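Let me begin by presenting the structure, written as structure tokens, before commenting on it.
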Amino acid sequence: MSAPGILVERDKESGVAVVTLDRPERLNAITLAMARELAAVWRGFRYEDDIRAVVLTGSGGRAFCTGIDRDDAGRVPQPSSPYTIDDPLVTIGPKANDLWKPVIAAVEGMACGGAFYLLGEAEFLIAGETAAFFDPHTTYGMVSAFETVHMAQRMPFGEVARMALMGAAERISARRAYETGLVSEVTEAGGAAAAAREAAAVLASCPTEAVQGTVRALWSAKEAVRSQALAQAPHLVTLGNLPAERQAELFTKRGTGYRTR
């Protein structure tokens with residue numbers, strides 16, 4: 001199965017599926033069509049008993065994902081109320097689509113901004129040694145709300161705060177991400193997907209009821225706080241974001257310098 005920008009491979013012998021964001025020329029940025037398709041893919045896996053674990057990755061090696069495609073972002077109409085927002089990335093993750101089969105993210109290259117909607121709903125992350133994580137929202141006059149909520153469930157508060165507030169000026173290396181607990185394993189460059197497949201095959205070999213029950217138990221431990229925080233995110237975004245034309249102006253003036261730690 002495949003759709004523009006998304007590839008889905010199934011290995012029914014191992015019980016592992018691999019979902020690949022496949023727009024390397026755009027650093028695997030997510031279009032509106034891809035957002036809809038990702039939701040459909042996750043919901044579809046609920047009915048595929050032969051698939052018991054999933055690997056999520058990006059193609060090309062330069063990036064896992066850089067969030068929503070900026071060309072498509074401007075095509076999303078928004079209500080005038082400051083208490084609501086239409087965010088096409090809200091439902092791109094597995095948990096948002098009621099999938100409780102384990103998902104392992106394999107990260108190579110950049111993972112930034114809206115990529116955290118996906119990484120925040122994976123069970124654990126494996127990264128190649130050249131992977132880099134950052135959140136550029138504040139640099140371009142945007143509130144990082146959904147992203148910080150997702151990452152606050154995975155990283156120490158100070159690390160999330162620094163990443164979000166430093167914006168495009170700083171990137172977190174794969175090694176630092178491992179030290180802070182965001183990443184569970186660092187491989188040689190290009191090796192993350194293979195390591196994730198190997199781990200997924202182990203998960204898929206266990207009785208699926210026990211695995212899915214464990215996944216659900218893990219998420220229930222933090223779901224109340226996460227849900228309450230995400231409920232506030234739309235208001236913070238609508239109140240704090242600069243107008244779209246001002247964001248675009250800042251984006252076109254972005255610099256190339258950044259610090260990696």
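Identifiers in the structure tokens: chain A, B, ... in order shown; residue index from 1 per chain; ligand index from 1 in order shown.
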
Residues of region 96-197 of chain A at most 6 Å from region 234-256 of chain A: nearest atom pair and distance in Å, only C-alpha atoms, as a tab-separated table:
residue	atom	partner	partner_atom	distance
A:Tyr140	CA	A:Gln247	CA	5.4
A:Gly141	CA	A:Leu242	CA	5.3
A:Met142	CA	A:Asn241	CA	4.5
A:Val143	CA	A:Val237	CA	5.3

Pull the closest atom pair for each residue of region 168-229 of chain A that gets at most 10 Å from region 111-123 of chain A, along with the distance in Å to one decimal, counting only C-alpha atoms, ordering rows by chain and then ascending residue number, as JSON lines.
{"residue": "A:Ala168", "atom": "CA", "partner": "A:Cys112", "partner_atom": "CA", "distance": 9.4}
{"residue": "A:Arg171", "atom": "CA", "partner": "A:Cys112", "partner_atom": "CA", "distance": 9.2}
{"residue": "A:Ile172", "atom": "CA", "partner": "A:Ala111", "partner_atom": "CA", "distance": 9.8}
{"residue": "A:Leu182", "atom": "CA", "partner": "A:Leu119", "partner_atom": "CA", "distance": 9.4}
{"residue": "A:Val215", "atom": "CA", "partner": "A:Glu123", "partner_atom": "CA", "distance": 7.7}
{"residue": "A:Leu218", "atom": "CA", "partner": "A:Glu123", "partner_atom": "CA", "distance": 9.0}
{"residue": "A:Trp219", "atom": "CA", "partner": "A:Glu123", "partner_atom": "CA", "distance": 9.1}

| Can you list, as an MDAnalysis selection string, every residue of region 9-120 of chain A that DSSP puts in alpha helix (DSSP H)? | chainID A and resid 32:45 70:73 115:119

All strand (DSSP E) residues (DSSP, backbone) inside region 50-254 of chain A, as a ChimeraX atom specification: /A:53-58,63-65,103-107,110-112,124-128,132-134,170-173,185-187

| said: Need to verify the contact set: Leu7 (chain A), 12 Å, only C-alpha atoms, exclusion of same-chain residues closer than 3 positions in sequence. Can you return it as JSON, numbers by chain? | reply: {"A": [1, 2, 3, 4, 10, 17, 18, 19, 20, 21, 22, 23, 28, 34, 37, 38, 41, 55, 56, 57, 58, 59]}

Item to complete: For region 220-228 of chain A, please output as a list in words all residues within 12 Å (counting only C-alpha atoms; exclusion window: fewer than 3 positions along the same chain).
Response: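 Once the nearby chain positions are removed, what remains is Lys95, Ala96, Trp100, Gly120, Glu121, Ala145, Phe146, Glu147, Thr148, Val149, His150, Met151, Ala152, Gln153, Arg154, Gly213, Thr214, Val215, Arg216, Ala217, Ala231, Gln232, Ala233 and Pro234 of chain A.
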
Residue nearest Thr66 (chain A) - candidates A:Glu129, A:Glu48, A:Asp98, A:Asp135, atoms counted: only C-alpha atoms
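Of A:Glu129, A:Glu48, A:Asp98, A:Asp135, the one nearest Thr66 (chain A) is A:Asp135, counting only C-alpha atoms.
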